[in-house]
$ cat entry.txt   # compact mmCIF, C-alpha atoms and all ligand atoms
# COMPACT_ATOMS: atom_id res chain seq x y z
CA MET A 1 0.68 -18.16 15.80
CA SER A 2 -1.33 -15.74 17.92
CA LEU A 3 -0.64 -12.68 15.78
CA LEU A 4 0.73 -12.36 12.27
CA VAL A 5 1.22 -8.98 10.62
CA GLU A 6 2.49 -8.69 7.06
CA LYS A 7 3.39 -5.57 5.12
CA LEU A 8 1.40 -3.21 7.31
CA ASN A 9 1.48 0.35 5.99
CA VAL A 10 -0.18 3.17 7.88
CA HIS A 11 -0.82 6.72 6.70
CA TYR A 12 -2.15 9.74 8.52
CA GLY A 13 -3.71 11.56 5.60
CA LYS A 14 -0.90 12.08 3.15
CA SER A 15 1.82 11.30 5.62
CA HIS A 16 3.19 7.76 5.40
CA VAL A 17 4.14 6.72 8.96
CA ILE A 18 4.51 2.90 9.07
CA PHE A 19 6.40 1.10 6.31
CA ASP A 20 5.97 -2.62 5.50
CA LEU A 21 5.78 -3.74 9.11
CA ASP A 22 6.09 -7.52 9.59
CA LEU A 23 5.52 -9.17 12.97
CA SER A 24 4.77 -12.67 14.13
CA MET A 25 4.03 -13.86 17.62
CA ALA A 26 3.74 -17.42 18.89
CA ASP A 27 1.03 -18.28 21.44
CA SER A 28 1.71 -16.67 24.83
CA GLU A 29 4.80 -14.98 23.52
CA VAL A 30 5.82 -11.51 24.71
CA LEU A 31 7.21 -9.35 21.93
CA THR A 32 8.40 -5.88 22.83
CA LEU A 33 8.39 -3.07 20.31
CA LEU A 34 11.14 -0.65 21.27
CA GLY A 35 11.83 2.76 19.82
CA ARG A 36 12.22 6.42 20.66
CA ASN A 37 9.46 9.03 20.72
CA GLY A 38 7.84 9.22 17.30
CA ALA A 39 9.35 5.93 16.03
CA GLY A 40 5.86 4.63 15.26
CA LYS A 41 5.04 2.26 18.13
CA THR A 42 1.56 3.60 18.88
CA THR A 43 0.72 3.95 15.19
CA SER A 44 1.72 0.32 14.60
CA LEU A 45 -0.68 -0.79 17.34
CA LEU A 46 -3.46 1.41 15.95
CA GLY A 47 -2.87 -0.04 12.47
CA ILE A 48 -3.07 -3.61 13.80
CA LEU A 49 -6.30 -2.70 15.59
CA GLY A 50 -7.77 -1.25 12.40
CA LEU A 51 -8.16 2.20 13.92
CA VAL A 52 -6.49 4.26 11.18
CA PRO A 53 -8.37 4.60 7.86
CA GLY A 54 -6.49 3.61 4.72
CA THR A 55 -4.17 1.12 6.41
CA SER A 56 -2.97 -1.68 4.13
CA GLY A 57 -1.39 -5.08 4.77
CA THR A 58 -2.47 -8.32 6.40
CA VAL A 59 -3.36 -8.94 10.04
CA SER A 60 -4.21 -12.45 11.25
CA ILE A 61 -5.30 -13.39 14.76
CA ALA A 62 -4.92 -17.04 15.74
CA GLY A 63 -4.85 -18.01 12.08
CA SER A 64 -7.81 -16.00 10.84
CA ASP A 65 -7.33 -13.05 8.54
CA VAL A 66 -9.03 -9.98 10.03
CA SER A 67 -7.55 -7.42 7.63
CA ALA A 68 -10.92 -6.57 6.11
CA LEU A 69 -12.72 -6.40 9.47
CA PRO A 70 -13.53 -3.35 11.61
CA THR A 71 -11.98 -2.98 15.04
CA TYR A 72 -14.85 -4.51 17.04
CA ARG A 73 -14.71 -7.67 14.92
CA ARG A 74 -10.94 -7.89 15.47
CA SER A 75 -11.66 -7.64 19.16
CA GLN A 76 -14.15 -10.52 18.90
CA ALA A 77 -11.47 -12.49 17.06
CA GLY A 78 -9.17 -12.14 20.07
CA LEU A 79 -7.35 -8.82 19.90
CA ALA A 80 -7.39 -6.54 22.96
CA TYR A 81 -5.85 -3.12 23.55
CA VAL A 82 -4.56 -1.36 26.63
CA PRO A 83 -3.90 2.23 25.52
CA SER A 84 -1.20 4.35 27.07
CA GLY A 85 -2.38 5.92 30.29
CA ALA A 86 -4.65 2.88 30.78
CA ARG A 87 -7.82 4.85 30.24
CA CYS A 88 -10.83 3.55 32.15
CA PHE A 89 -14.13 5.20 33.08
CA PRO A 90 -13.00 7.48 35.94
CA ASN A 91 -16.47 8.06 37.39
CA LEU A 92 -17.32 4.37 37.60
CA THR A 93 -16.07 1.95 40.23
CA VAL A 94 -13.53 -0.79 39.54
CA LEU A 95 -16.36 -3.33 39.54
CA GLU A 96 -18.47 -1.28 37.14
CA ASN A 97 -15.53 -0.85 34.77
CA LEU A 98 -15.15 -4.64 34.61
CA ASP A 99 -18.92 -5.15 34.19
CA ILE A 100 -19.01 -2.87 31.18
CA ALA A 101 -16.17 -4.77 29.55
CA ALA A 102 -18.05 -8.04 30.17
CA GLN A 103 -21.25 -6.66 28.65
CA ARG A 104 -19.39 -5.72 25.50
CA ARG A 105 -18.25 -9.29 25.18
CA SER A 106 -21.64 -10.91 25.78
CA SER A 107 -23.23 -8.78 23.08
CA SER A 108 -20.90 -10.27 20.47
CA ASN A 109 -22.02 -13.12 18.23
CA GLY A 110 -20.43 -16.54 18.26
CA ALA A 111 -17.86 -15.62 20.89
CA ALA A 112 -15.87 -18.41 22.50
CA PRO A 113 -17.02 -19.50 25.98
CA ALA A 114 -15.86 -17.00 28.56
CA ARG A 115 -12.53 -17.90 30.08
CA TRP A 116 -12.36 -14.66 32.02
CA ASN A 117 -14.75 -13.18 34.53
CA LYS A 118 -14.43 -10.71 37.41
CA GLU A 119 -13.55 -13.43 39.89
CA ARG A 120 -10.62 -14.62 37.79
CA VAL A 121 -9.41 -11.07 37.28
CA PHE A 122 -9.47 -10.54 41.05
CA GLU A 123 -7.60 -13.81 41.57
CA LEU A 124 -4.93 -12.60 39.17
CA PHE A 125 -4.77 -9.15 40.80
CA PRO A 126 -5.72 -9.49 44.49
CA ALA A 127 -4.80 -5.85 45.07
CA LEU A 128 -7.56 -4.86 42.66
CA ALA A 129 -10.14 -6.94 44.56
CA GLU A 130 -9.64 -4.72 47.59
CA LEU A 131 -10.45 -1.67 45.47
CA LYS A 132 -13.68 -3.06 43.95
CA ALA A 133 -15.90 -0.28 45.22
CA ASN A 134 -13.44 2.55 44.55
CA LEU A 135 -13.85 4.96 41.66
CA ALA A 136 -11.38 4.23 38.86
CA GLY A 137 -10.48 7.92 38.72
CA GLY A 138 -8.93 7.66 42.17
CA LEU A 139 -6.64 4.72 41.42
CA SER A 140 -2.88 5.08 41.29
CA GLY A 141 -1.14 4.66 37.93
CA GLY A 142 -0.19 1.06 38.68
CA GLU A 143 -3.65 0.16 39.95
CA ARG A 144 -5.20 1.69 36.84
CA GLN A 145 -2.94 -0.47 34.66
CA MET A 146 -4.23 -3.55 36.49
CA LEU A 147 -7.80 -2.45 35.90
CA ALA A 148 -7.15 -1.71 32.22
CA VAL A 149 -5.58 -5.14 31.78
CA GLY A 150 -8.50 -6.70 33.67
CA ARG A 151 -10.89 -4.96 31.29
CA ALA A 152 -8.92 -6.23 28.31
CA LEU A 153 -8.99 -9.79 29.68
CA MET A 154 -12.79 -9.72 29.95
CA SER A 155 -12.92 -9.98 26.14
CA ASN A 156 -11.04 -13.33 26.32
CA PRO A 157 -8.20 -12.14 24.12
CA LYS A 158 -5.52 -14.22 22.43
CA VAL A 159 -3.28 -11.19 22.13
CA ILE A 160 -3.11 -7.97 24.14
CA LEU A 161 -1.51 -4.88 22.66
CA MET A 162 -0.11 -2.73 25.49
CA ASP A 163 1.08 0.80 24.82
CA GLU A 164 3.77 2.08 27.21
CA PRO A 165 2.24 0.75 30.43
CA THR A 166 5.09 2.17 32.50
CA GLU A 167 4.86 5.72 31.15
CA GLY A 168 5.01 8.25 33.94
CA LEU A 169 5.12 5.66 36.73
CA ALA A 170 7.55 5.54 39.65
CA PRO A 171 10.29 2.86 39.52
CA VAL A 172 8.65 0.70 42.18
CA ILE A 173 5.40 0.66 40.15
CA VAL A 174 7.35 -0.11 36.98
CA GLN A 175 8.53 -3.28 38.70
CA SER A 176 4.97 -4.26 39.48
CA ILE A 177 3.97 -3.68 35.84
CA GLY A 178 6.77 -6.07 34.88
CA ARG A 179 5.31 -8.69 37.21
CA LEU A 180 1.86 -8.02 35.78
CA VAL A 181 3.11 -8.76 32.25
CA GLN A 182 4.70 -11.99 33.46
CA GLN A 183 1.48 -13.05 35.20
CA LEU A 184 -0.46 -12.32 32.03
CA LYS A 185 1.92 -14.40 29.93
CA GLN A 186 1.38 -17.32 32.28
CA THR A 187 -2.34 -17.20 31.55
CA GLY A 188 -1.50 -18.08 27.93
CA VAL A 189 -2.18 -14.74 26.30
CA GLY A 190 0.29 -13.21 23.82
CA ILE A 191 1.50 -9.69 24.55
CA LEU A 192 2.77 -7.04 22.17
CA LEU A 193 4.42 -4.52 24.45
CA ALA A 194 5.30 -1.09 23.06
CA GLU A 195 7.81 0.46 25.44
CA GLN A 196 10.58 2.97 25.88
CA ASN A 197 11.47 1.41 29.21
CA HIS A 198 13.79 -1.18 27.69
CA GLN A 199 15.02 -2.43 31.06
CA MET A 200 11.60 -3.62 32.17
CA ALA A 201 10.56 -4.69 28.66
CA LEU A 202 13.64 -6.81 27.98
CA LYS A 203 13.29 -8.50 31.36
CA VAL A 204 9.80 -9.77 30.61
CA ALA A 205 9.89 -10.16 26.81
CA ASP A 206 10.84 -13.21 24.78
CA ARG A 207 11.81 -11.16 21.75
CA ALA A 208 12.47 -7.53 20.90
CA ALA A 209 11.77 -5.60 17.70
CA PHE A 210 13.49 -2.24 17.30
CA MET A 211 11.68 0.54 15.45
CA GLU A 212 13.12 3.59 13.81
CA LYS A 213 11.25 6.02 11.56
CA GLY A 214 8.28 3.74 11.04
CA ARG A 215 10.28 0.60 10.26
CA ILE A 216 11.41 -2.43 12.19
CA VAL A 217 15.17 -2.32 11.77
CA GLU A 218 16.23 -5.30 13.94
CA GLU A 219 14.61 -8.19 15.72
CA MET A 220 16.25 -10.59 18.17
CA PRO A 221 15.74 -12.61 21.36
CA ALA A 222 15.36 -10.32 24.37
CA THR A 223 18.40 -11.85 26.08
CA GLN A 224 20.51 -10.88 23.08
CA ALA A 225 19.06 -7.37 22.93
CA VAL A 226 20.27 -6.48 26.42
CA ASN A 227 23.50 -4.53 26.00
CA SER A 228 23.35 -4.93 22.22
CA GLU A 229 24.78 -2.41 19.82
CA VAL A 230 21.31 -1.82 18.38
CA LEU A 231 19.93 -0.95 21.83
CA HIS A 232 22.59 1.71 22.24
CA ARG A 233 22.13 3.00 18.72
CA ILE A 234 18.33 3.09 18.61
CA LEU A 235 17.54 4.09 22.18
CA GLY A 236 20.74 5.99 22.87
CA VAL A 237 21.47 4.18 26.13
N1 LIG A 301 -2.74 11.75 14.34
C1 LIG A 301 -1.58 11.96 13.71
N2 LIG A 301 -1.51 12.65 12.57
C2 LIG A 301 -0.35 12.86 11.90
N3 LIG A 301 0.84 12.36 12.33
C3 LIG A 301 0.85 11.66 13.47
C4 LIG A 301 -0.35 11.42 14.22
N4 LIG A 301 -0.02 10.68 15.32
C5 LIG A 301 1.30 10.47 15.24
N5 LIG A 301 1.83 11.05 14.13
C6 LIG A 301 3.25 11.00 13.70
O1 LIG A 301 3.54 9.65 13.41
C7 LIG A 301 4.86 9.32 13.84
C8 LIG A 301 4.81 8.13 14.78
O2 LIG A 301 4.14 8.49 15.97
P1 LIG A 301 3.77 7.46 17.12
O3 LIG A 301 2.85 8.13 18.05
O4 LIG A 301 3.30 6.20 16.49
O5 LIG A 301 5.18 7.19 17.79
P2 LIG A 301 5.54 6.44 19.13
O6 LIG A 301 6.68 5.53 18.80
O7 LIG A 301 4.33 5.84 19.73
O8 LIG A 301 6.09 7.62 20.05
P3 LIG A 301 5.95 7.87 21.64
O9 LIG A 301 7.01 7.05 22.28
O10 LIG A 301 6.21 9.33 21.79
O11 LIG A 301 4.57 7.47 22.06
C9 LIG A 301 5.43 10.58 14.47
O12 LIG A 301 6.20 11.21 13.52
C10 LIG A 301 4.20 11.39 14.80
O13 LIG A 301 4.48 12.76 14.76
MG MG A 302 3.35 6.09 21.51
$ encode --input "entry.txt" --output "structure tokens"
Amino acid sequence: MSLLVEKLNVHYGKSHVIFDLDLSMADSEVLTLLGRNGAGKTTSLLGILGLVPGTSGTVSIAGSDVSALPTYRRSQAGLAYVPSGARCFPNLTVLENLDIAAQRRSSSNGAAPARWNKERVFELFPALAELKANLAGGLSGGERQMLAVGRALMSNPKVILMDEPTEGLAPVIVQSIGRLVQQLKQTGVGILLAEQNHQMALKVADRAAFMEKGRIVEEMPATQAVNSEVLHRILGV
């Protein structure tokens, strides 16, 4: 099991937003979290990352319980995050962005031997290698997603949480994000993919979990979710 979440509850102040969320992901599994605006996808990811104070429930990464640990320790345990918009350092080059991510890793104690380095990231994304010396702020949306994923990989994660990687991108780029997720899966990493783009997500995912009002209301294999009643009901498509 790469990620196990049990009874996660997240509050923003007095407002209860995520209710008893349960998730489990096998190694190198892609699980997509689908739901409309405000369903609670981002908040679920933030809760798993330990970024919202007062979150309760259990989070385990590759068998170890990290529920009591701060975010940076969860990251050392194998959890990585690609936020929506794939934020990178805009005034640094592609290479410098990757270097910073690598430095963060090497400063951690007892980390596993590095499986990922810049060379491997560039092998995975040859298009990014050609942009090494470019400023991240000048990259296209799709290129920035590659860089953000490359940065996440530098921490040698077991699971990557990706928040709406296709948001605001043109259809042709959405296709390339789909390929990127498939390439990532082949490297053995598990991916929790929050999306509203169900077409792309269901193509690359193994399983789908549907969220409504802060709860997972249905979960099923991705092949079954395509054209399902729940897809029509929850996403209105
Ligand atoms: N910082 C915050 N403080 C209070 N409420 C918040 C905060 N952030 C989000 N919410 C509320 O929590 C609920 C879930 O929001 P969340 O951002 O997790 O949804 P989402 O599924 O990611 O939506 P989207 O597809 O628009 O990104 C919404 O009702 C939202 O208004
Ligand atoms: Mg969101």
$ residues_near_point --input "entry.txt" --point "(20.4, -8.2, 26.5)" --cutoff "12 Å" --atoms "all atoms listed in the file" --output "ChimeraX atom specification"
/A:198-208,220-232
$ residues_near_ligand --input "entry.txt" --ligand "ligand LIG 301 (chain A)" --cutoff "9 Å" --atoms "only C-alpha atoms and all ligand atoms" --output "VMD selection string"
chain A and resid 11 to 18 33 to 46 52 84 163 to 164 194 to 196 211 to 214
$ write_last_selection --input "entry.txt" --atoms "C-alpha atoms" --output "short mmCIF file (atom, residue, chain, number, x, y, z; two decimals), in the coordinates of the input"
data_model
loop_
_atom_site.label_atom_id
_atom_site.label_comp_id
_atom_site.auth_asym_id
_atom_site.auth_seq_id
_atom_site.Cartn_x
_atom_site.Cartn_y
_atom_site.Cartn_z
CA HIS A 11 -0.82 6.72 6.70
CA TYR A 12 -2.15 9.74 8.52
CA GLY A 13 -3.71 11.56 5.60
CA LYS A 14 -0.90 12.08 3.15
CA SER A 15 1.82 11.30 5.62
CA HIS A 16 3.19 7.76 5.40
CA VAL A 17 4.14 6.72 8.96
CA ILE A 18 4.51 2.90 9.07
CA LEU A 33 8.39 -3.07 20.31
CA LEU A 34 11.14 -0.65 21.27
CA GLY A 35 11.83 2.76 19.82
CA ARG A 36 12.22 6.42 20.66
CA ASN A 37 9.46 9.03 20.72
CA GLY A 38 7.84 9.22 17.30
CA ALA A 39 9.35 5.93 16.03
CA GLY A 40 5.86 4.63 15.26
CA LYS A 41 5.04 2.26 18.13
CA THR A 42 1.56 3.60 18.88
CA THR A 43 0.72 3.95 15.19
CA SER A 44 1.72 0.32 14.60
CA LEU A 45 -0.68 -0.79 17.34
CA LEU A 46 -3.46 1.41 15.95
CA VAL A 52 -6.49 4.26 11.18
CA SER A 84 -1.20 4.35 27.07
CA ASP A 163 1.08 0.80 24.82
CA GLU A 164 3.77 2.08 27.21
CA ALA A 194 5.30 -1.09 23.06
CA GLU A 195 7.81 0.46 25.44
CA GLN A 196 10.58 2.97 25.88
CA MET A 211 11.68 0.54 15.45
CA GLU A 212 13.12 3.59 13.81
CA LYS A 213 11.25 6.02 11.56
CA GLY A 214 8.28 3.74 11.04
#
$ atom_distance --input "entry.txt" --atom1 "CA of Leu169 (chain A)" --atom2 "CA of Ser140 (chain A)"
9.2 Å
$ residues_around --input "entry.txt" --residues "Val94 (chain A)" --least-positions-apart "3" --cutoff "10 Å" --atoms "only C-alpha atoms" --output "PyMOL selection string"
chain A and resi 88-91+97-99+128-139+143-144+147-148+150-151
$ atom_distance --input "entry.txt" --atom1 "CA of Met25 (chain A)" --atom2 "CA of Gly168 (chain A)"
27.5 Å
$ atom_distance --input "entry.txt" --atom1 "CA of Ile191 (chain A)" --atom2 "CA of Val172 (chain A)"
21.7 Å
$ residues_near_point --input "entry.txt" --point "(2.1, -7.6, 30.8)" --cutoff "10 Å" --atoms "all atoms listed in the file" --output "JSON, numbers by chain"
{"A": [30, 145, 146, 149, 160, 161, 162, 165, 176, 177, 178, 179, 180, 181, 182, 183, 184, 185, 186, 189, 190, 191, 192, 193, 201, 204, 205]}
$ write_last_selection --input "entry.txt" --atoms "C-alpha atoms" --output "tab-separated table (two decimals), in the coordinates of the input"
chain	number	residue	atom	x	y	z
A	30	VAL	CA	5.82	-11.51	24.71
A	145	GLN	CA	-2.94	-0.47	34.66
A	146	MET	CA	-4.23	-3.55	36.49
A	149	VAL	CA	-5.58	-5.14	31.78
A	160	ILE	CA	-3.11	-7.97	24.14
A	161	LEU	CA	-1.51	-4.88	22.66
A	162	MET	CA	-0.11	-2.73	25.49
A	165	PRO	CA	2.24	0.75	30.43
A	176	SER	CA	4.97	-4.26	39.48
A	177	ILE	CA	3.97	-3.68	35.84
A	178	GLY	CA	6.77	-6.07	34.88
A	179	ARG	CA	5.31	-8.69	37.21
A	180	LEU	CA	1.86	-8.02	35.78
A	181	VAL	CA	3.11	-8.76	32.25
A	182	GLN	CA	4.70	-11.99	33.46
A	183	GLN	CA	1.48	-13.05	35.20
A	184	LEU	CA	-0.46	-12.32	32.03
A	185	LYS	CA	1.92	-14.40	29.93
A	186	GLN	CA	1.38	-17.32	32.28
A	189	VAL	CA	-2.18	-14.74	26.30
A	190	GLY	CA	0.29	-13.21	23.82
A	191	ILE	CA	1.50	-9.69	24.55
A	192	LEU	CA	2.77	-7.04	22.17
A	193	LEU	CA	4.42	-4.52	24.45
A	201	ALA	CA	10.56	-4.69	28.66
A	204	VAL	CA	9.80	-9.77	30.61
A	205	ALA	CA	9.89	-10.16	26.81
$ closest_residue --input "entry.txt" --among "A:Leu3, A:Ala152, A:Ala102, A:Val10" --to "Asp65 (chain A)" --atoms "all atoms listed in the file"
A:Leu3
$ residues_around --input "entry.txt" --residues "Leu21 (chain A)" --least-positions-apart "6" --cutoff "7 Å" --atoms "all atoms listed in the file" --output "number ranges by chain"
A: 6-9, 215-216
$ residues_around --input "entry.txt" --residues "Met1 (chain A)" --least-positions-apart "4" --cutoff "8 Å" --atoms "all atoms listed in the file" --output "MDAnalysis selection string"
chainID A and resid 24:27 61:63
$ build_atoms --input "entry.txt" --residues "region 180-199 of chain A" --atoms "N, CA and C atoms" --output "compact mmCIF listing (two decimals), keeping the file's coordinate frame"
# COMPACT_ATOMS: atom_id res chain seq x y z
N LEU A 180 3.19 -7.88 36.39
CA LEU A 180 1.86 -8.02 35.78
C LEU A 180 1.97 -8.64 34.38
N VAL A 181 2.94 -8.19 33.59
CA VAL A 181 3.11 -8.76 32.25
C VAL A 181 3.47 -10.24 32.34
N GLN A 182 4.33 -10.59 33.30
CA GLN A 182 4.70 -11.99 33.46
C GLN A 182 3.50 -12.85 33.87
N GLN A 183 2.69 -12.31 34.78
CA GLN A 183 1.48 -13.05 35.20
C GLN A 183 0.55 -13.28 34.01
N LEU A 184 0.41 -12.23 33.20
CA LEU A 184 -0.46 -12.32 32.03
C LEU A 184 0.02 -13.40 31.08
N LYS A 185 1.33 -13.41 30.84
CA LYS A 185 1.92 -14.40 29.93
C LYS A 185 1.60 -15.81 30.42
N GLN A 186 1.66 -16.00 31.73
CA GLN A 186 1.38 -17.32 32.28
C GLN A 186 -0.07 -17.76 32.06
N THR A 187 -0.96 -16.81 31.82
CA THR A 187 -2.34 -17.20 31.55
C THR A 187 -2.50 -17.67 30.10
N GLY A 188 -1.45 -17.55 29.29
CA GLY A 188 -1.50 -18.08 27.93
C GLY A 188 -1.76 -17.04 26.86
N VAL A 189 -1.90 -15.79 27.27
CA VAL A 189 -2.18 -14.74 26.30
C VAL A 189 -0.86 -14.21 25.71
N GLY A 190 -0.88 -13.83 24.44
CA GLY A 190 0.29 -13.21 23.82
C GLY A 190 0.28 -11.72 24.10
N ILE A 191 1.45 -11.12 24.23
CA ILE A 191 1.50 -9.69 24.55
C ILE A 191 2.45 -8.96 23.61
N LEU A 192 1.93 -7.93 22.95
CA LEU A 192 2.77 -7.04 22.17
C LEU A 192 2.93 -5.77 22.98
N LEU A 193 4.15 -5.55 23.44
CA LEU A 193 4.42 -4.52 24.45
C LEU A 193 5.24 -3.38 23.84
N ALA A 194 4.57 -2.27 23.55
CA ALA A 194 5.30 -1.09 23.06
C ALA A 194 5.88 -0.37 24.27
N GLU A 195 7.17 -0.14 24.26
CA GLU A 195 7.81 0.46 25.44
C GLU A 195 9.00 1.34 25.06
N GLN A 196 9.28 2.29 25.93
CA GLN A 196 10.58 2.97 25.88
C GLN A 196 11.42 2.51 27.05
N ASN A 197 10.74 1.93 28.05
CA ASN A 197 11.47 1.41 29.21
C ASN A 197 12.04 0.04 28.85
N HIS A 198 13.22 0.07 28.22
CA HIS A 198 13.79 -1.18 27.69
C HIS A 198 14.23 -2.12 28.81
N GLN A 199 14.56 -1.56 29.97
CA GLN A 199 15.02 -2.43 31.06
C GLN A 199 13.91 -3.37 31.50
